[in-house]
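**Q** Input file: input_38.txt. Contents: compact mmCIF, C-alpha atoms.
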# COMPACT_ATOMS: atom_id res chain seq x y z
CA MET A 1 -49.78 -70.47 -27.19
CA ARG A 2 -48.07 -69.51 -23.93
CA LYS A 3 -46.78 -66.35 -25.59
CA VAL A 4 -50.31 -65.35 -26.63
CA ILE A 5 -51.63 -65.98 -23.08
CA PHE A 6 -48.73 -63.95 -21.65
CA ILE A 7 -49.47 -60.98 -23.96
CA ILE A 8 -53.19 -61.15 -23.10
CA SER A 9 -52.39 -61.14 -19.35
CA ILE A 10 -50.14 -58.07 -19.76
CA LEU A 11 -52.88 -56.23 -21.66
CA SER A 12 -55.32 -57.11 -18.90
CA VAL A 13 -53.04 -55.61 -16.25
CA LEU A 14 -52.56 -52.44 -18.29
CA ILE A 15 -56.31 -52.04 -18.77
CA GLN A 16 -56.85 -52.44 -15.02
CA ALA A 17 -54.06 -49.99 -14.21
CA LYS A 18 -55.38 -47.30 -16.62
CA PRO A 19 -59.15 -47.64 -16.87
CA MET A 20 -60.76 -45.90 -19.82
CA ASN A 21 -63.00 -42.94 -19.16
CA ALA A 22 -66.54 -44.25 -18.78
CA VAL A 23 -69.90 -43.19 -17.40
CA ALA A 24 -69.97 -44.08 -13.69
CA LEU A 25 -73.37 -42.69 -12.73
CA SER A 26 -76.45 -41.10 -14.23
CA VAL A 27 -78.28 -38.36 -12.32
CA ASN A 28 -81.66 -37.36 -13.76
CA GLY A 29 -80.32 -38.53 -17.11
CA LEU A 30 -77.06 -36.52 -16.84
CA ALA A 31 -73.82 -38.51 -16.90
CA ILE A 32 -70.94 -38.45 -14.41
CA THR A 33 -67.75 -40.00 -15.78
CA THR A 34 -64.89 -41.76 -14.02
CA ALA A 35 -62.53 -39.05 -15.32
CA GLU A 36 -64.64 -36.32 -13.70
CA ILE A 37 -64.60 -38.15 -10.38
CA SER A 38 -60.80 -38.46 -10.50
CA ALA A 39 -60.45 -34.80 -11.50
CA VAL A 40 -62.59 -33.60 -8.57
CA GLN A 41 -60.61 -35.83 -6.18
CA ARG A 42 -57.34 -34.24 -7.33
CA LEU A 43 -58.65 -30.68 -7.48
CA TYR A 44 -60.35 -30.60 -4.07
CA HIS A 45 -58.23 -33.26 -2.32
CA VAL A 46 -61.27 -35.30 -1.29
CA PRO A 47 -61.95 -39.06 -1.19
CA LYS A 48 -63.85 -40.72 -4.03
CA ASP A 49 -67.22 -40.86 -2.22
CA LYS A 50 -67.04 -37.11 -1.46
CA ALA A 51 -66.13 -36.34 -5.09
CA ILE A 52 -69.11 -38.38 -6.30
CA ASP A 53 -71.38 -36.59 -3.83
CA MET A 54 -70.19 -33.18 -5.12
CA LEU A 55 -70.77 -34.21 -8.73
CA ILE A 56 -74.24 -35.57 -7.98
CA LEU A 57 -75.16 -32.20 -6.44
CA ASP A 58 -73.75 -30.45 -9.52
CA ARG A 59 -75.92 -32.58 -11.84
CA VAL A 60 -78.99 -31.94 -9.68
CA GLN A 61 -78.34 -28.20 -10.13
CA GLN A 62 -77.83 -28.59 -13.89
CA SER A 63 -81.07 -30.56 -14.12
CA ALA A 64 -82.99 -27.87 -12.20
CA LEU A 65 -81.51 -25.00 -14.25
CA LYS A 66 -81.79 -26.58 -17.70
CA ASP A 67 -85.03 -24.75 -18.58
CA ILE A 68 -83.80 -21.33 -17.44
CA GLN A 69 -82.99 -19.26 -20.52
CA VAL A 70 -80.12 -16.75 -20.52
CA SER A 71 -79.22 -14.83 -23.68
CA ASP A 72 -75.73 -13.79 -24.79
CA ASP A 73 -76.80 -10.15 -24.35
CA GLU A 74 -77.64 -10.80 -20.69
CA VAL A 75 -74.23 -12.36 -20.13
CA ASN A 76 -72.43 -9.50 -21.92
CA ASP A 77 -74.43 -6.88 -19.97
CA LYS A 78 -73.55 -8.56 -16.68
CA ILE A 79 -69.86 -8.69 -17.60
CA SER A 80 -69.92 -5.00 -18.60
CA MET A 81 -71.53 -4.14 -15.26
CA ILE A 82 -68.89 -6.11 -13.33
CA ALA A 83 -66.11 -4.38 -15.27
CA GLN A 84 -67.66 -0.95 -14.62
CA GLN A 85 -68.00 -1.68 -10.90
CA ASN A 86 -64.29 -2.50 -10.82
CA GLY A 87 -63.37 0.62 -12.77
CA ILE A 88 -61.89 -1.24 -15.76
CA SER A 89 -62.85 -1.95 -19.36
CA VAL A 90 -64.07 -5.35 -20.56
CA ASP A 91 -60.87 -5.73 -22.61
CA LYS A 92 -58.79 -5.07 -19.50
CA MET A 93 -60.86 -7.64 -17.61
CA ARG A 94 -60.15 -10.24 -20.32
CA LYS A 95 -56.41 -9.61 -19.98
CA VAL A 96 -56.53 -9.86 -16.18
CA LEU A 97 -58.44 -13.16 -16.34
CA ALA A 98 -56.03 -14.52 -18.96
CA SER A 99 -53.06 -13.63 -16.72
CA GLN A 100 -54.76 -15.62 -13.94
CA GLY A 101 -55.18 -18.64 -16.19
CA THR A 102 -58.95 -18.29 -16.71
CA SER A 103 -60.20 -18.52 -20.29
CA TRP A 104 -62.76 -15.96 -21.45
CA GLN A 105 -65.20 -18.69 -22.49
CA LYS A 106 -64.95 -20.38 -19.10
CA TYR A 107 -65.60 -17.04 -17.38
CA LYS A 108 -68.65 -16.37 -19.57
CA THR A 109 -69.99 -19.84 -18.76
CA ARG A 110 -69.55 -19.10 -15.05
CA ILE A 111 -71.43 -15.81 -15.40
CA LYS A 112 -74.21 -17.53 -17.36
CA THR A 113 -74.62 -20.12 -14.60
CA ALA A 114 -74.71 -17.37 -11.96
CA ILE A 115 -77.47 -15.56 -13.88
CA LYS A 116 -79.41 -18.83 -14.22
CA LYS A 117 -79.15 -19.43 -10.47
CA SER A 118 -80.32 -15.88 -9.76
CA LYS A 119 -83.33 -16.29 -12.08
CA PHE A 120 -84.12 -19.69 -10.59
CA PHE A 121 -83.93 -18.22 -7.08
CA ARG A 122 -86.37 -15.42 -7.97
CA GLN A 123 -88.79 -17.89 -9.57
CA LYS A 124 -88.68 -20.69 -6.99
CA ILE A 125 -87.28 -19.56 -3.66
CA ALA A 126 -87.28 -15.74 -3.26
CA GLN A 127 -90.59 -15.71 -1.39
CA GLU A 128 -88.84 -17.52 1.49
CA LEU A 129 -86.39 -14.64 1.96
CA SER A 130 -87.48 -11.54 3.85
CA PRO A 131 -85.44 -8.28 4.20
CA PRO A 132 -83.20 -8.21 7.31
CA SER A 133 -84.36 -6.19 10.29
CA GLU A 134 -82.23 -3.39 11.72
CA ALA A 135 -81.23 -5.64 14.63
CA THR A 136 -80.23 -8.42 12.22
CA LEU A 137 -78.12 -6.02 10.15
CA LYS A 138 -76.35 -4.69 13.25
CA ARG A 139 -75.49 -8.23 14.38
CA TYR A 140 -74.32 -9.00 10.84
CA TYR A 141 -72.19 -5.83 10.88
CA GLU A 142 -70.46 -6.87 14.12
CA LYS A 143 -69.86 -10.36 12.73
CA ASN A 144 -68.39 -9.10 9.43
CA LYS A 145 -66.38 -6.04 10.48
CA LYS A 146 -63.15 -7.66 9.27
CA SER A 147 -64.42 -7.63 5.69
CA LEU A 148 -65.58 -4.01 5.86
CA PHE A 149 -62.26 -2.17 5.92
CA ILE A 150 -61.88 0.95 3.77
CA PRO A 151 -58.90 3.28 3.24
CA SER A 152 -58.53 6.06 5.79
CA THR A 153 -57.18 8.51 3.19
CA ILE A 154 -57.61 8.92 -0.57
CA LYS A 155 -55.27 11.14 -2.57
CA VAL A 156 -56.94 12.73 -5.58
CA ILE A 157 -56.45 15.40 -8.21
CA GLU A 158 -59.51 17.61 -8.44
CA TYR A 159 -60.24 19.02 -11.91
CA SER A 160 -62.89 21.70 -12.26
CA SER A 161 -64.33 24.14 -14.76
CA LYS A 162 -67.32 26.46 -15.03
CA ASP A 163 -68.21 24.87 -18.37
CA LYS A 164 -69.15 21.19 -18.53
CA LYS A 165 -67.92 21.02 -22.14
CA ASP A 166 -64.39 21.80 -20.96
CA ILE A 167 -64.53 18.91 -18.49
CA ASN A 168 -65.79 16.54 -21.18
CA ASN A 169 -63.05 17.73 -23.53
CA PHE A 170 -60.47 17.11 -20.83
CA LEU A 171 -61.73 13.57 -20.21
CA LYS A 172 -61.73 12.71 -23.93
CA ASN A 173 -58.62 14.54 -25.15
CA LYS A 174 -56.77 15.60 -21.97
CA ILE A 175 -56.92 19.22 -23.14
CA ARG A 176 -56.63 21.40 -20.03
CA LYS A 177 -58.02 24.63 -21.46
CA ASN A 178 -60.12 26.45 -18.80
CA ILE A 179 -59.43 23.59 -16.35
CA SER A 180 -58.23 24.18 -12.78
CA SER A 181 -56.56 21.39 -10.84
CA LYS A 182 -55.65 20.79 -7.20
CA ASN A 183 -53.93 17.92 -5.40
CA LYS A 184 -55.96 16.90 -2.36
CA THR A 185 -55.82 14.36 0.44
CA LEU A 186 -59.35 13.38 1.45
CA TYR A 187 -60.21 11.62 4.72
CA THR A 188 -62.92 9.01 4.46
CA LYS A 189 -64.15 9.74 7.99
CA ASP A 190 -65.15 13.23 6.81
CA MET A 191 -66.96 12.16 3.61
CA ASP A 192 -70.68 11.88 3.14
CA GLU A 193 -72.01 8.51 2.02
CA ALA A 194 -72.41 9.45 -1.66
CA MET A 195 -68.84 10.74 -2.00
CA LEU A 196 -67.41 7.78 -0.12
CA ASN A 197 -69.23 5.29 -2.34
CA LEU A 198 -68.14 7.15 -5.49
CA LEU A 199 -64.44 7.18 -4.59
CA MET A 200 -64.47 3.60 -3.32
CA ARG A 201 -65.86 2.44 -6.68
CA THR A 202 -63.17 4.37 -8.58
CA GLN A 203 -59.85 2.56 -8.94
CA SER A 204 -56.49 4.30 -8.62
CA GLY A 205 -55.65 6.03 -11.90
CA ALA A 206 -59.30 6.33 -12.94
CA TYR A 207 -61.62 9.34 -13.01
CA THR A 208 -64.97 9.80 -11.29
CA LYS A 209 -68.09 10.86 -13.11
CA ILE A 210 -68.70 14.61 -13.62
CA MET A 211 -70.38 16.28 -10.64
CA ASN A 212 -72.23 19.59 -10.45
CA ALA A 213 -70.74 21.60 -7.57
CA GLY A 214 -73.10 24.56 -8.00
CA ASP A 215 -70.80 27.19 -9.52
CA ARG A 216 -68.58 24.68 -11.37
CA TYR A 217 -68.26 21.11 -12.63
CA VAL A 218 -65.84 18.76 -10.91
CA ILE A 219 -64.19 15.39 -11.49
CA TYR A 220 -61.62 13.58 -9.39
CA LYS A 221 -58.74 11.41 -10.51
CA VAL A 222 -57.95 8.89 -7.77
CA VAL A 223 -54.17 8.81 -7.25
CA SER A 224 -53.92 6.38 -4.34
CA LYS A 225 -55.76 4.93 -1.36
CA SER A 226 -53.98 4.25 1.92
CA GLY A 227 -54.52 3.44 5.56
CA LYS A 228 -57.28 1.28 6.95
CA ARG A 229 -60.40 1.85 9.01
CA VAL A 230 -63.64 -0.03 9.59
CA MET A 231 -66.52 1.30 7.52
CA PRO A 232 -69.07 3.02 9.83
CA TYR A 233 -72.34 1.14 10.25
CA GLU A 234 -74.50 3.76 8.50
CA SER A 235 -72.18 3.88 5.48
CA ALA A 236 -71.93 0.10 5.47
CA LYS A 237 -75.68 -0.56 5.53
CA PRO A 238 -76.16 -0.78 1.73
CA VAL A 239 -73.10 -3.04 1.48
CA LEU A 240 -74.27 -5.13 4.44
CA ALA A 241 -77.75 -5.56 2.96
CA GLY A 242 -76.23 -6.83 -0.29
CA MET A 243 -73.83 -9.17 1.52
CA TYR A 244 -76.63 -10.53 3.69
CA GLN A 245 -78.91 -11.00 0.67
CA ARG A 246 -76.25 -12.93 -1.29
CA GLU A 247 -75.36 -15.08 1.72
CA GLN A 248 -78.99 -15.99 2.40
CA GLU A 249 -79.63 -16.62 -1.30
CA LYS A 250 -76.66 -19.00 -1.45
CA LYS A 251 -77.79 -20.75 1.75
CA LEU A 252 -81.38 -21.22 0.54
CA LEU A 253 -80.22 -22.44 -2.89
CA THR A 254 -77.86 -24.97 -1.28
CA GLU A 255 -80.64 -26.25 0.99
CA TYR A 256 -83.04 -26.48 -1.98
CA PHE A 257 -80.63 -28.49 -4.12
CA LYS A 258 -79.74 -30.80 -1.22
CA LYS A 259 -83.44 -31.61 -0.85
CA GLN A 260 -83.71 -32.17 -4.61
CA LYS A 261 -80.71 -34.50 -4.42
CA LEU A 262 -82.72 -36.83 -2.18
CA LYS A 263 -85.38 -37.04 -4.89
CA ALA A 264 -82.98 -37.41 -7.81
CA LYS A 265 -83.01 -40.48 -10.07
CA ILE A 266 -79.50 -41.86 -9.60
CA LYS A 267 -78.28 -44.90 -11.51
CA LYS A 268 -74.92 -46.42 -10.65
CA LEU A 269 -73.37 -47.85 -13.82
CA ARG A 270 -69.85 -48.71 -12.61
Please rewrite the model in this file as structure tokens.
**A**
Amino acid sequence: MRKVIFIISILSVLIQAKPMNAVALSVNGLAITTAEISAVQRLYHVPKDKAIDMLILDRVQQSALKDIQVSDDEVNDKISMIAQQNGISVDKMRKVLASQGTSWQKYKTRIKTAIKKSKFFRQKIAQELSPPSEATLKRYYEKNKKSLFIPSTIKVIEYSSKDKKDINNFLKNKIRKNISSKNKTLYTKDMDEAMLNLLMRTQSGAYTKIMNAGDRYVIYKVVSKSGKRVMPYESAKPVLAGMYQREQEKKLLTEYFKKQKLKAKIKKLR
């Protein structure tokens, strides 16, 4: 009998030392488990009450976004756009993410959530956001200069031809018939806004789109970018407007969900 009691007491200690994963809270009908709480504590190095608070806010967001529909095509289009903006293919993006330890499915889920948040913002909150004034943008520019550095020089190879077909043939097959080429070092301080934006979007080793230069068609292959200078205010305005918009959108969304958290139906189960 004593042996049985002893075994039972050992099992009791083991159960207390390694609690099974269980539902700890319910937020608007969505569960938060003890394992999730522990995982957030470890990942963000926060105490248990802070981890629970973060997870409650997450469930409030999930609850608010549950009726927002996002198709696979929308997700794939967004990913293609991101890849294009970075001057790489979608396949290359997959490889880069894999090398960083991010699964493709996890990335797609993240993009889907971002699209849902954007749709939700437009439907529920966008009317609260007005475009920044010139004075606001200038203050924002001064505040964010450190994140607005661009290269001072860009080395390129300029390819040109009088016939657009020759340029297209060169891009597809690297056939240099009727193609002239020049190595150039371009200074960003001397570029107009359109050229600066084009070359900044083009990664080293990639080609720009075909441009009509009047008497010929031109493309540039970006060889390298070097040096550092602050982007001038006028050139930075489109970038600044986008940065400001995203920052305000994030701020308003956070404030909205914090208010919704106060109204959430929270049940503590453990």
**Q** Give me the residues near region 66-78 of chain A as a PyMOL selection string, where near means some atom within 9 Å (using only C-alpha atoms) and where sequence neighbours in that chain fewer than 5 positions away do not count.
**A** chain A and resi 61+83+108-109+111-113+115-117+119-120
**Q** Measuring between only C-alpha atoms, which one of A:Gly29, A:Gly214, A:Gly101, A:Gly242 shows the shortest distance to Tyr140 (chain A)?
**A**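 With only C-alpha atoms as the atom set, the closest residue is A:Gly242.
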**Q** Measuring between only C-alpha atoms, which one of A:Val222, A:Ala39, A:Met81, A:Val27 shows the shortest distance to Gln203 (chain A)?
**A**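 Among A:Val222, A:Ala39, A:Met81, A:Val27, it is A:Val222 that comes nearest to Gln203 (chain A).
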**Q** Using Å and a single decimal, report how far CA of Gln123 (chain A) sits from CA of Ile32 (chain A).
**A**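 Atom-to-atom, CA of Ile32 (chain A) and CA of Gln123 (chain A) are spaced 27.7 Å apart.
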**Q** Extract, using only C-alpha atoms, all DNA, RNA and protein residues at most 10 Å from Ala126 (chain A), discarding same-chain residues fewer than 4 positions from it, and format them as a list in words.
**A**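 Within the cut-off, the hits are Ser118, Lys119, Phe120, Phe121, Arg122, Ser130, Glu249, Leu252 and Leu253 of chain A.
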